[in-house]
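Engineer: One structure, as structure tokens, below. Some questions next.
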Amino acid sequence: MIGRILVGLDGSKSSKVAGEYGIYLSKNLKRPVVGVHIIDIRLLEGPFLTDIAGGLGFSTYADILPKIKEVLEAKAEAILDEFAIACREKGGDCSIAEAYGIVVNELVNMTDPEDLIIVGKKGQHQGFLPLLLGSTAEGVARKSTCPVMITADNFREIKSILFAFDGREKSVHAANYVNYLSKHLNVNSVKVISVFTDKVKDATKAQEFENRLKTLLEVNFEFIDRYGEPEEMIEDYINSNKDSLDLVVMGAFGESPVRELILGSTTNYIASKSPIPVLLVK
């Protein structure tokens, strides 16, 4: 179901956690993992280098360009070497890749629809070299044609899954990943949360969802119905149970374009607020 696992690495604590998840999934799913570092070309052009050159006493930004490239490439090598060593030590099937470009575009272009991208929620801003991966996690999630896992601050094995189910096509597709991960990671708890508008009016719909889930999921699960705004109800449940949940799985960007434009998407809200990793399925 998953081809390769690509992990975006920028040297931040958040991306190191993403790397841990990549290695963990590689080992348990028996899939290859690729540690990817993108040197953002925006760091090598325009006002940014002009300002840095002036501050360091260089006459033009062209004078400092080779030095900046040297620093960025040395950092990339160190980040990727650290990942490769950790991967080999933990038994993952790993390789590494480095590229220049816009982080979002490069990561997305490297993948096929059956792959998985893992990125940290927050990137690193070190000195005057802002490595922009963290600020582009949402962009990766939006543009990617394959699932994207956005990790939180700490790694832990995935033994409990919360599946946010809304009945739409992407949510139905996400059920396949719940089955796949549950089987290969020996998950011992699956909870499914669906949010409706009105407890009386939507009682029949809630029962239909639960019945449908019995045909979609190949594992035992607990069905949780909530009533109100989806993002608020899901966030509240996650925060109330964050110590017993290891992963949220949900369909990506299922709202209408108009609602997303005016109110934002449930996908983006949960991915940005969740204290545990979120797997967004296309």
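How things are named: the first chain in the structure tokens is A, the next is B, and so on; residues count from 1 in each chain; ligands count from 1 in the order shown.
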Considering only C-alpha atoms, return as a PyMOL selection string whatever protein or nucleic-acid residues lie within 12 Å of Thr111 in chain A, sequence-local ones (same chain, fewer than 6 positions apart) excluded.
Structural biologist: chain A and resi 2-8+33-34+36+104-105+117-118+140+143-148
Engineer: Can you write out the residues you just picked, keeping all heavy atoms, as a short mmCIF file (atom, residue, chain, number, x, y, z; two decimals), in the first residue's frame?
Structural biologist:
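As written to disk, out-v2.cif reads:
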data_model
loop_
_atom_site.label_atom_id
_atom_site.label_comp_id
_atom_site.auth_asym_id
_atom_site.auth_seq_id
_atom_site.Cartn_x
_atom_site.Cartn_y
_atom_site.Cartn_z
N ILE A 2 1.93 1.22 0.75
CA ILE A 2 2.89 2.32 0.75
C ILE A 2 4.11 1.88 -0.04
O ILE A 2 4.65 0.80 0.20
CB ILE A 2 3.28 2.73 2.18
CG1 ILE A 2 2.09 3.38 2.89
CG2 ILE A 2 4.46 3.69 2.18
CD1 ILE A 2 2.33 3.73 4.34
N GLY A 3 4.54 2.72 -0.99
CA GLY A 3 5.72 2.40 -1.77
C GLY A 3 6.97 2.77 -1.00
O GLY A 3 7.56 1.96 -0.29
N ARG A 4 7.37 4.04 -1.12
CA ARG A 4 8.52 4.54 -0.36
C ARG A 4 8.04 5.51 0.71
O ARG A 4 6.94 6.05 0.64
CB ARG A 4 9.49 5.27 -1.29
CG ARG A 4 10.09 4.42 -2.40
CD ARG A 4 10.84 5.34 -3.36
NE ARG A 4 9.95 6.36 -3.90
CZ ARG A 4 10.36 7.53 -4.41
NH1 ARG A 4 11.63 7.84 -4.42
NH2 ARG A 4 9.48 8.39 -4.90
N ILE A 5 8.91 5.73 1.68
CA ILE A 5 8.67 6.73 2.72
C ILE A 5 9.71 7.82 2.55
O ILE A 5 10.91 7.54 2.64
CB ILE A 5 8.77 6.09 4.12
CG1 ILE A 5 7.77 4.94 4.26
CG2 ILE A 5 8.56 7.15 5.21
CD1 ILE A 5 8.05 4.03 5.44
N LEU A 6 9.28 9.03 2.28
CA LEU A 6 10.21 10.16 2.13
C LEU A 6 10.08 11.07 3.35
O LEU A 6 8.97 11.49 3.70
CB LEU A 6 9.92 10.95 0.86
CG LEU A 6 10.46 10.36 -0.45
CD1 LEU A 6 9.59 9.19 -0.90
CD2 LEU A 6 10.55 11.40 -1.53
N VAL A 7 11.21 11.36 3.98
CA VAL A 7 11.21 12.19 5.18
C VAL A 7 11.93 13.50 4.89
O VAL A 7 13.09 13.49 4.45
CB VAL A 7 11.92 11.48 6.36
CG1 VAL A 7 11.84 12.34 7.61
CG2 VAL A 7 11.30 10.11 6.60
N GLY A 8 11.25 14.61 5.11
CA GLY A 8 11.88 15.91 4.96
C GLY A 8 12.72 16.24 6.18
O GLY A 8 12.23 16.25 7.31
N VAL A 33 12.99 3.85 3.12
CA VAL A 33 12.81 5.24 3.57
C VAL A 33 13.94 6.08 2.98
O VAL A 33 15.09 5.65 2.93
CB VAL A 33 12.79 5.34 5.11
CG1 VAL A 33 14.08 4.80 5.74
CG2 VAL A 33 12.55 6.78 5.55
N VAL A 34 13.57 7.26 2.51
CA VAL A 34 14.54 8.19 1.91
C VAL A 34 14.57 9.46 2.75
O VAL A 34 13.56 10.15 2.89
CB VAL A 34 14.16 8.54 0.45
CG1 VAL A 34 15.24 9.42 -0.17
CG2 VAL A 34 13.93 7.29 -0.37
N VAL A 36 15.43 13.18 2.95
CA VAL A 36 15.55 14.21 1.92
C VAL A 36 15.86 15.57 2.57
O VAL A 36 15.15 15.99 3.49
CB VAL A 36 14.26 14.33 1.09
CG1 VAL A 36 14.41 15.41 0.03
CG2 VAL A 36 13.89 13.00 0.46
N VAL A 104 8.63 22.81 -0.83
CA VAL A 104 7.35 22.17 -1.12
C VAL A 104 7.39 21.47 -2.47
O VAL A 104 7.06 20.28 -2.58
CB VAL A 104 6.21 23.22 -1.11
CG1 VAL A 104 4.92 22.60 -1.65
CG2 VAL A 104 5.98 23.75 0.29
N ASN A 105 7.80 22.19 -3.48
CA ASN A 105 7.78 21.64 -4.84
C ASN A 105 8.70 20.44 -4.98
O ASN A 105 8.35 19.43 -5.61
CB ASN A 105 8.17 22.72 -5.85
CG ASN A 105 7.18 23.86 -5.88
OD1 ASN A 105 6.04 23.72 -5.45
ND2 ASN A 105 7.61 25.01 -6.39
N ILE A 117 4.91 10.86 2.52
CA ILE A 117 5.81 11.93 2.95
C ILE A 117 5.64 12.14 4.45
O ILE A 117 4.51 12.18 4.95
CB ILE A 117 5.52 13.25 2.22
CG1 ILE A 117 5.76 13.12 0.71
CG2 ILE A 117 6.39 14.38 2.77
CD1 ILE A 117 5.40 14.37 -0.08
N ILE A 118 6.76 12.28 5.15
CA ILE A 118 6.71 12.62 6.57
C ILE A 118 7.47 13.92 6.78
O ILE A 118 8.63 14.05 6.36
CB ILE A 118 7.34 11.52 7.46
CG1 ILE A 118 6.68 10.17 7.18
CG2 ILE A 118 7.21 11.89 8.93
CD1 ILE A 118 7.25 9.02 8.01
N VAL A 140 3.10 21.28 1.62
CA VAL A 140 3.37 19.90 1.22
C VAL A 140 2.09 19.07 1.30
O VAL A 140 1.76 18.31 0.38
CB VAL A 140 4.47 19.27 2.11
CG1 VAL A 140 4.60 17.78 1.84
CG2 VAL A 140 5.80 19.97 1.88
N LYS A 143 -0.31 20.12 -1.65
CA LYS A 143 0.11 19.84 -3.02
C LYS A 143 0.40 18.37 -3.30
O LYS A 143 0.35 17.93 -4.44
CB LYS A 143 1.36 20.66 -3.36
CG LYS A 143 1.10 22.15 -3.51
CD LYS A 143 2.34 22.86 -4.06
CE LYS A 143 2.06 24.31 -4.35
NZ LYS A 143 3.23 24.99 -4.98
N SER A 144 0.71 17.63 -2.28
CA SER A 144 1.10 16.24 -2.48
C SER A 144 -0.05 15.40 -3.02
O SER A 144 -1.21 15.57 -2.64
CB SER A 144 1.59 15.64 -1.16
OG SER A 144 1.83 14.27 -1.29
N THR A 145 0.29 14.46 -3.90
CA THR A 145 -0.70 13.50 -4.38
C THR A 145 -0.69 12.23 -3.54
O THR A 145 -1.54 11.36 -3.74
CB THR A 145 -0.42 13.12 -5.85
OG1 THR A 145 0.89 12.55 -5.95
CG2 THR A 145 -0.52 14.34 -6.75
N CYS A 146 0.26 12.12 -2.62
CA CYS A 146 0.33 10.96 -1.75
C CYS A 146 0.04 11.38 -0.31
O CYS A 146 0.02 12.56 0.01
CB CYS A 146 1.71 10.30 -1.85
SG CYS A 146 3.05 11.27 -1.11
N PRO A 147 -0.20 10.43 0.59
CA PRO A 147 -0.45 10.78 1.98
C PRO A 147 0.73 11.53 2.60
O PRO A 147 1.88 11.32 2.22
CB PRO A 147 -0.64 9.42 2.65
CG PRO A 147 -1.06 8.51 1.56
CD PRO A 147 -0.33 8.98 0.34
N VAL A 148 0.41 12.38 3.56
CA VAL A 148 1.42 13.17 4.26
C VAL A 148 1.20 13.00 5.76
O VAL A 148 0.10 13.18 6.26
CB VAL A 148 1.34 14.66 3.89
CG1 VAL A 148 2.35 15.47 4.72
CG2 VAL A 148 1.60 14.86 2.40
#
Engineer: Taking 3 positions as the minimum chain separation for residues in the same chain, which residues sit within 12 Å of Tyr24 in chain A when counting only C-alpha atoms? Answer as a PyMOL selection string.
Structural biologist: chain A and resi 5+7+17-21+27-33+86-94+118+155-158+184-185
Engineer: DSSP on the backbone, alpha helix (DSSP H) only: what residues of range 121-256 of chain A does that give? Format it as JSON, numbers by chain.
Structural biologist: {"A": [137, 138, 139, 140, 141, 142, 143, 169, 170, 171, 172, 173, 174, 175, 176, 177, 178, 179, 180, 181, 182, 183, 184, 203, 204, 205, 206, 207, 208, 209, 210, 211, 212, 213, 214, 215, 216, 230, 231, 232, 233, 234, 235, 236, 237, 238, 239, 240]}
Engineer: Output C-alpha atoms for every residue in that selection, as a tab-separated table (two decimals), in the first residue's frame.
Structural biologist:
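This went into result04.tsv:
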chain	number	residue	atom	x	y	z
A	137	ALA	CA	4.34	21.61	6.01
A	138	GLU	CA	0.85	22.78	5.05
A	139	GLY	CA	1.98	23.42	1.48
A	140	VAL	CA	3.37	19.90	1.22
A	141	ALA	CA	0.11	18.48	2.57
A	142	ARG	CA	-1.96	20.49	0.10
A	143	LYS	CA	0.11	19.84	-3.02
A	169	GLU	CA	-14.33	9.68	-0.61
A	170	LYS	CA	-10.99	10.66	0.93
A	171	SER	CA	-12.19	9.55	4.33
A	172	VAL	CA	-13.23	6.20	2.87
A	173	HIS	CA	-9.77	5.87	1.29
A	174	ALA	CA	-8.20	6.71	4.66
A	175	ALA	CA	-9.90	3.63	6.14
A	176	ASN	CA	-7.54	1.50	4.03
A	177	TYR	CA	-4.56	3.08	5.78
A	178	VAL	CA	-6.11	2.43	9.19
A	179	ASN	CA	-6.40	-1.25	8.22
A	180	TYR	CA	-2.87	-1.37	6.81
A	181	LEU	CA	-1.18	0.33	9.77
A	182	SER	CA	-3.22	-1.62	12.31
A	183	LYS	CA	-2.10	-4.90	10.80
A	184	HIS	CA	1.60	-4.12	10.37
A	203	ALA	CA	-29.21	10.10	14.86
A	204	THR	CA	-30.00	8.00	11.78
A	205	LYS	CA	-26.96	9.32	9.93
A	206	ALA	CA	-24.72	8.46	12.86
A	207	GLN	CA	-26.03	4.89	12.86
A	208	GLU	CA	-25.46	4.68	9.09
A	209	PHE	CA	-21.86	5.81	9.57
A	210	GLU	CA	-21.23	3.19	12.23
A	211	ASN	CA	-22.71	0.46	10.04
A	212	ARG	CA	-20.66	1.60	7.07
A	213	LEU	CA	-17.47	1.58	9.12
A	214	LYS	CA	-18.09	-2.06	9.97
A	215	THR	CA	-17.71	-2.84	6.27
A	216	LEU	CA	-14.69	-0.56	5.76
A	230	PRO	CA	-15.90	19.24	13.33
A	231	GLU	CA	-12.57	20.95	14.05
A	232	GLU	CA	-13.60	21.91	17.59
A	233	MET	CA	-15.00	18.49	18.47
A	234	ILE	CA	-12.04	16.59	17.04
A	235	GLU	CA	-9.50	18.90	18.68
A	236	ASP	CA	-11.25	18.58	22.02
A	237	TYR	CA	-11.27	14.79	21.82
A	238	ILE	CA	-7.59	14.64	20.85
A	239	ASN	CA	-6.54	16.95	23.67
A	240	SER	CA	-8.63	15.02	26.20
Engineer: Could you list, as a PDB file with all heavy atoms, in the first residue's frame, every residue within 8 Å of His37 in chain A, counting only C-alpha atoms and ignoring same-chain residues fewer than 4 positions away?
Structural biologist:
ATOM      1  N   GLY A   8      11.249  14.610   5.112  1.00  0.00           N
ATOM      2  CA  GLY A   8      11.876  15.910   4.961  1.00  0.00           C
ATOM      3  C   GLY A   8      12.719  16.235   6.182  1.00  0.00           C
ATOM      4  O   GLY A   8      12.226  16.251   7.309  1.00  0.00           O
ATOM      5  N   LEU A   9      14.008  16.481   5.972  1.00  0.00           N
ATOM      6  CA  LEU A   9      14.951  16.729   7.063  1.00  0.00           C
ATOM      7  C   LEU A   9      15.555  18.118   6.926  1.00  0.00           C
ATOM      8  O   LEU A   9      16.068  18.468   5.863  1.00  0.00           O
ATOM      9  CB  LEU A   9      16.075  15.690   7.047  1.00  0.00           C
ATOM     10  CG  LEU A   9      15.646  14.218   7.156  1.00  0.00           C
ATOM     11  CD1 LEU A   9      16.829  13.303   6.878  1.00  0.00           C
ATOM     12  CD2 LEU A   9      15.057  13.931   8.530  1.00  0.00           C
ATOM     13  N   ASP A  10      15.495  18.918   7.981  1.00  0.00           N
ATOM     14  CA  ASP A  10      16.107  20.252   7.941  1.00  0.00           C
ATOM     15  C   ASP A  10      17.019  20.516   9.136  1.00  0.00           C
ATOM     16  O   ASP A  10      17.520  21.619   9.301  1.00  0.00           O
ATOM     17  CB  ASP A  10      15.038  21.343   7.828  1.00  0.00           C
ATOM     18  CG  ASP A  10      14.177  21.468   9.081  1.00  0.00           C
ATOM     19  OD1 ASP A  10      14.406  20.714  10.047  1.00  0.00           O
ATOM     20  OD2 ASP A  10      13.281  22.334   9.089  1.00  0.00           O
ATOM     21  N   ALA A  76      23.743  20.188   4.956  1.00  0.00           N
ATOM     22  CA  ALA A  76      22.941  19.129   4.347  1.00  0.00           C
ATOM     23  C   ALA A  76      23.623  17.771   4.522  1.00  0.00           C
ATOM     24  O   ALA A  76      22.989  16.774   4.876  1.00  0.00           O
ATOM     25  CB  ALA A  76      22.705  19.430   2.868  1.00  0.00           C
ATOM     26  N   ILE A  79      23.330  16.577   8.154  1.00  0.00           N
ATOM     27  CA  ILE A  79      21.966  16.144   8.477  1.00  0.00           C
ATOM     28  C   ILE A  79      21.671  14.779   7.882  1.00  0.00           C
ATOM     29  O   ILE A  79      21.142  13.881   8.550  1.00  0.00           O
ATOM     30  CB  ILE A  79      20.950  17.188   7.967  1.00  0.00           C
ATOM     31  CG1 ILE A  79      21.044  18.476   8.797  1.00  0.00           C
ATOM     32  CG2 ILE A  79      19.530  16.641   8.005  1.00  0.00           C
ATOM     33  CD1 ILE A  79      20.268  19.645   8.208  1.00  0.00           C
ATOM     34  N   LEU A  80      22.031  14.594   6.620  1.00  0.00           N
ATOM     35  CA  LEU A  80      21.738  13.336   5.940  1.00  0.00           C
ATOM     36  C   LEU A  80      22.594  12.192   6.469  1.00  0.00           C
ATOM     37  O   LEU A  80      22.114  11.054   6.599  1.00  0.00           O
ATOM     38  CB  LEU A  80      21.929  13.505   4.432  1.00  0.00           C
ATOM     39  CG  LEU A  80      20.932  14.456   3.762  1.00  0.00           C
ATOM     40  CD1 LEU A  80      21.299  14.671   2.300  1.00  0.00           C
ATOM     41  CD2 LEU A  80      19.510  13.921   3.880  1.00  0.00           C
ATOM     42  N   ALA A  97      18.881  11.756  -0.060  1.00  0.00           N
ATOM     43  CA  ALA A  97      18.828  12.564  -1.277  1.00  0.00           C
ATOM     44  C   ALA A  97      18.920  14.034  -0.899  1.00  0.00           C
ATOM     45  O   ALA A  97      18.360  14.466   0.109  1.00  0.00           O
ATOM     46  CB  ALA A  97      17.537  12.299  -2.048  1.00  0.00           C
ATOM     47  N   GLU A  98      19.630  14.795  -1.733  1.00  0.00           N
ATOM     48  CA  GLU A  98      19.785  16.235  -1.528  1.00  0.00           C
ATOM     49  C   GLU A  98      19.421  16.940  -2.826  1.00  0.00           C
ATOM     50  O   GLU A  98      19.702  16.441  -3.918  1.00  0.00           O
ATOM     51  CB  GLU A  98      21.229  16.558  -1.148  1.00  0.00           C
ATOM     52  CG  GLU A  98      21.540  18.037  -1.006  1.00  0.00           C
ATOM     53  CD  GLU A  98      23.026  18.294  -0.817  1.00  0.00           C
ATOM     54  OE1 GLU A  98      23.752  17.358  -0.420  1.00  0.00           O
ATOM     55  OE2 GLU A  98      23.458  19.436  -1.077  1.00  0.00           O
ATOM     56  N   ALA A  99      18.776  18.099  -2.715  1.00  0.00           N
ATOM     57  CA  ALA A  99      18.402  18.841  -3.919  1.00  0.00           C
ATOM     58  C   ALA A  99      18.332  20.324  -3.599  1.00  0.00           C
ATOM     59  O   ALA A  99      18.224  20.733  -2.433  1.00  0.00           O
ATOM     60  CB  ALA A  99      17.055  18.353  -4.454  1.00  0.00           C
TER      61      ALA A  99
END
Engineer: Suppose you want the space between CA of Leu245 in chain A and CA of Leu107 in chain A; what is it in Å?
Structural biologist: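 Interatomic distance, CA of Leu245 in chain A to CA of Leu107 in chain A: 28.0 Å.
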Engineer: Find the spatial neighbours of range 191-199 of chain A, counting only C-alpha atoms, within a cut-off of 6 Å - ignore same-chain residues fewer than 4 positions away - and output them as a ChimeraX atom specification.
Structural biologist: /A:162-166,203,221-228,230
Engineer: With N, CA, C and O atoms kept, could you save the residues just selected as a PDB file, in the first residue's frame?
Structural biologist:
ATOM      1  N   LEU A 162      -6.643   7.189  16.181  1.00  0.00           N
ATOM      2  CA  LEU A 162      -7.930   7.875  16.106  1.00  0.00           C
ATOM      3  C   LEU A 162      -8.210   8.163  14.632  1.00  0.00           C
ATOM      4  O   LEU A 162      -7.422   8.851  13.969  1.00  0.00           O
ATOM      5  N   PHE A 163      -9.290   7.661  14.121  1.00  0.00           N
ATOM      6  CA  PHE A 163      -9.674   7.841  12.721  1.00  0.00           C
ATOM      7  C   PHE A 163     -10.837   8.820  12.659  1.00  0.00           C
ATOM      8  O   PHE A 163     -11.918   8.551  13.189  1.00  0.00           O
ATOM      9  N   ALA A 164     -10.620   9.979  12.024  1.00  0.00           N
ATOM     10  CA  ALA A 164     -11.683  10.975  11.854  1.00  0.00           C
ATOM     11  C   ALA A 164     -12.400  10.671  10.543  1.00  0.00           C
ATOM     12  O   ALA A 164     -11.823  10.820   9.458  1.00  0.00           O
ATOM     13  N   PHE A 165     -13.660  10.249  10.639  1.00  0.00           N
ATOM     14  CA  PHE A 165     -14.406   9.765   9.468  1.00  0.00           C
ATOM     15  C   PHE A 165     -15.589  10.682   9.187  1.00  0.00           C
ATOM     16  O   PHE A 165     -16.415  10.925  10.073  1.00  0.00           O
ATOM     17  N   ASP A 166     -15.649  11.202   7.936  1.00  0.00           N
ATOM     18  CA  ASP A 166     -16.769  12.080   7.580  1.00  0.00           C
ATOM     19  C   ASP A 166     -17.609  11.542   6.421  1.00  0.00           C
ATOM     20  O   ASP A 166     -18.511  12.229   5.933  1.00  0.00           O
ATOM     21  N   ALA A 203     -29.337  11.400  14.194  1.00  0.00           N
ATOM     22  CA  ALA A 203     -29.212  10.103  14.857  1.00  0.00           C
ATOM     23  C   ALA A 203     -29.152   8.964  13.839  1.00  0.00           C
ATOM     24  O   ALA A 203     -28.331   8.039  13.950  1.00  0.00           O
ATOM     25  N   PHE A 221     -13.199  -1.603  16.481  1.00  0.00           N
ATOM     26  CA  PHE A 221     -13.087  -0.172  16.729  1.00  0.00           C
ATOM     27  C   PHE A 221     -14.206   0.298  17.657  1.00  0.00           C
ATOM     28  O   PHE A 221     -15.240  -0.357  17.799  1.00  0.00           O
ATOM     29  N   GLU A 222     -13.950   1.433  18.261  1.00  0.00           N
ATOM     30  CA  GLU A 222     -14.960   2.109  19.079  1.00  0.00           C
ATOM     31  C   GLU A 222     -15.452   3.331  18.317  1.00  0.00           C
ATOM     32  O   GLU A 222     -14.649   4.152  17.885  1.00  0.00           O
ATOM     33  N   PHE A 223     -16.759   3.436  18.132  1.00  0.00           N
ATOM     34  CA  PHE A 223     -17.338   4.558  17.391  1.00  0.00           C
ATOM     35  C   PHE A 223     -17.737   5.669  18.360  1.00  0.00           C
ATOM     36  O   PHE A 223     -18.414   5.436  19.360  1.00  0.00           O
ATOM     37  N   ILE A 224     -17.271   6.869  18.039  1.00  0.00           N
ATOM     38  CA  ILE A 224     -17.527   8.031  18.898  1.00  0.00           C
ATOM     39  C   ILE A 224     -18.258   9.078  18.072  1.00  0.00           C
ATOM     40  O   ILE A 224     -17.721   9.559  17.069  1.00  0.00           O
ATOM     41  N   ASP A 225     -19.476   9.411  18.440  1.00  0.00           N
ATOM     42  CA  ASP A 225     -20.219  10.449  17.738  1.00  0.00           C
ATOM     43  C   ASP A 225     -20.216  11.732  18.565  1.00  0.00           C
ATOM     44  O   ASP A 225     -20.405  11.714  19.772  1.00  0.00           O
ATOM     45  N   ARG A 226     -19.960  12.831  17.868  1.00  0.00           N
ATOM     46  CA  ARG A 226     -19.957  14.146  18.497  1.00  0.00           C
ATOM     47  C   ARG A 226     -20.809  15.087  17.654  1.00  0.00           C
ATOM     48  O   ARG A 226     -21.053  14.846  16.465  1.00  0.00           O
ATOM     49  N   TYR A 227     -21.242  16.194  18.261  1.00  0.00           N
ATOM     50  CA  TYR A 227     -22.155  17.118  17.590  1.00  0.00           C
ATOM     51  C   TYR A 227     -21.667  18.548  17.772  1.00  0.00           C
ATOM     52  O   TYR A 227     -21.405  18.983  18.896  1.00  0.00           O
ATOM     53  N   GLY A 228     -21.496  19.238  16.639  1.00  0.00           N
ATOM     54  CA  GLY A 228     -20.985  20.606  16.679  1.00  0.00           C
ATOM     55  C   GLY A 228     -20.098  20.876  15.485  1.00  0.00           C
ATOM     56  O   GLY A 228     -20.263  20.272  14.421  1.00  0.00           O
ATOM     57  N   PRO A 230     -16.833  20.377  13.394  1.00  0.00           N
ATOM     58  CA  PRO A 230     -15.898  19.240  13.330  1.00  0.00           C
ATOM     59  C   PRO A 230     -14.533  19.528  13.935  1.00  0.00           C
ATOM     60  O   PRO A 230     -14.017  18.733  14.724  1.00  0.00           O
TER      61      PRO A 230
END
Engineer: For CA of Met149 in chain A and CA of Leu72 in chain A, quote the distance in Å rounded to one decimal.
Structural biologist: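 Answer for the CA of Met149 in chain A to CA of Leu72 in chain A separation: 25.8 Å.
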Engineer: Please, which residues of range 36-274 of chain A, numbered as in this document, come out strand (DSSP E) from DSSP, as number ranges by chain?
Structural biologist: A: 36-40, 94-101, 116-120, 124-126, 129-131, 148-151, 160-164, 189-196, 222-227, 247-251
Engineer: Compile a residue-level contact table for range 64-169 of chain A against range 265-274 of chain A at a cut-off of 8 Å, reporting for every qualifying residue the shortest atom pair and its distance in Å to one decimal, with only C-alpha atoms counted, rows ordered by chain and ascending number, as a Markdown table.
Structural biologist:
| residue | atom | partner | partner_atom | distance |
| --- | --- | --- | --- | --- |
| A:Lys121 | CA | A:Ser272 | CA | 7.3 |
| A:Glu138 | CA | A:Asn268 | CA | 7.0 |
| A:Ile150 | CA | A:Ala271 | CA | 6.9 |
| A:Ala152 | CA | A:Ser274 | CA | 7.6 |
Engineer: For CA of Asp81 in chain A and CA of Gly35 in chain A, determine how far apart the two atoms are, in Å to one decimal place.
Structural biologist: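 So the two atoms, CA of Asp81 in chain A and CA of Gly35 in chain A, lie 9.4 Å apart.
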Engineer: Restricting the calculation to only C-alpha atoms, which member of A:Ile23, A:Val190, A:Ile161, A:Val249 is positioned closest to Ser95 in chain A?
Structural biologist: A:Ile23
Engineer: Counting only C-alpha atoms, what is within 8 Å of Val103 in chain A, bar same-chain residues fewer than 2 positions away, as a list in words?
Structural biologist: Ile38, Ile39, Asp40, Gly101, Asn105, Glu106, Leu107, Leu132, Leu133 and Thr136 of chain A
Engineer: Export N, CA and C atoms of the chosen residues as a JSON list (two decimals), in the first residue's frame?
Structural biologist:
[["chain", "number", "residue", "atom", "x", "y", "z"],
["A", 38, "ILE", "N", 16.33, 19.51, 1.32],
["A", 38, "ILE", "CA", 16.21, 20.47, 0.22],
["A", 38, "ILE", "C", 16.89, 21.77, 0.64],
["A", 39, "ILE", "N", 17.86, 22.21, -0.14],
["A", 39, "ILE", "CA", 18.45, 23.53, 0.08],
["A", 39, "ILE", "C", 17.58, 24.54, -0.66],
["A", 40, "ASP", "N", 16.92, 25.38, 0.10],
["A", 40, "ASP", "CA", 15.95, 26.32, -0.47],
["A", 40, "ASP", "C", 16.67, 27.39, -1.29],
["A", 101, "GLY", "N", 16.06, 23.80, -4.53],
["A", 101, "GLY", "CA", 14.75, 24.17, -5.06],
["A", 101, "GLY", "C", 13.87, 24.77, -3.99],
["A", 105, "ASN", "N", 7.80, 22.19, -3.48],
["A", 105, "ASN", "CA", 7.78, 21.64, -4.84],
["A", 105, "ASN", "C", 8.70, 20.44, -4.98],
["A", 106, "GLU", "N", 9.90, 20.53, -4.42],
["A", 106, "GLU", "CA", 10.86, 19.44, -4.57],
["A", 106, "GLU", "C", 10.38, 18.17, -3.87],
["A", 107, "LEU", "N", 9.89, 18.31, -2.65],
["A", 107, "LEU", "CA", 9.40, 17.13, -1.93],
["A", 107, "LEU", "C", 8.25, 16.48, -2.67],
["A", 132, "LEU", "N", 13.38, 26.41, 5.81],
["A", 132, "LEU", "CA", 11.98, 26.76, 5.77],
["A", 132, "LEU", "C", 11.02, 25.59, 5.76],
["A", 133, "LEU", "N", 11.48, 24.37, 6.02],
["A", 133, "LEU", "CA", 10.60, 23.22, 5.91],
["A", 133, "LEU", "C", 9.38, 23.34, 6.81],
["A", 136, "THR", "N", 6.47, 25.20, 5.60],
["A", 136, "THR", "CA", 5.88, 24.70, 4.37],
["A", 136, "THR", "C", 5.17, 23.36, 4.55]]
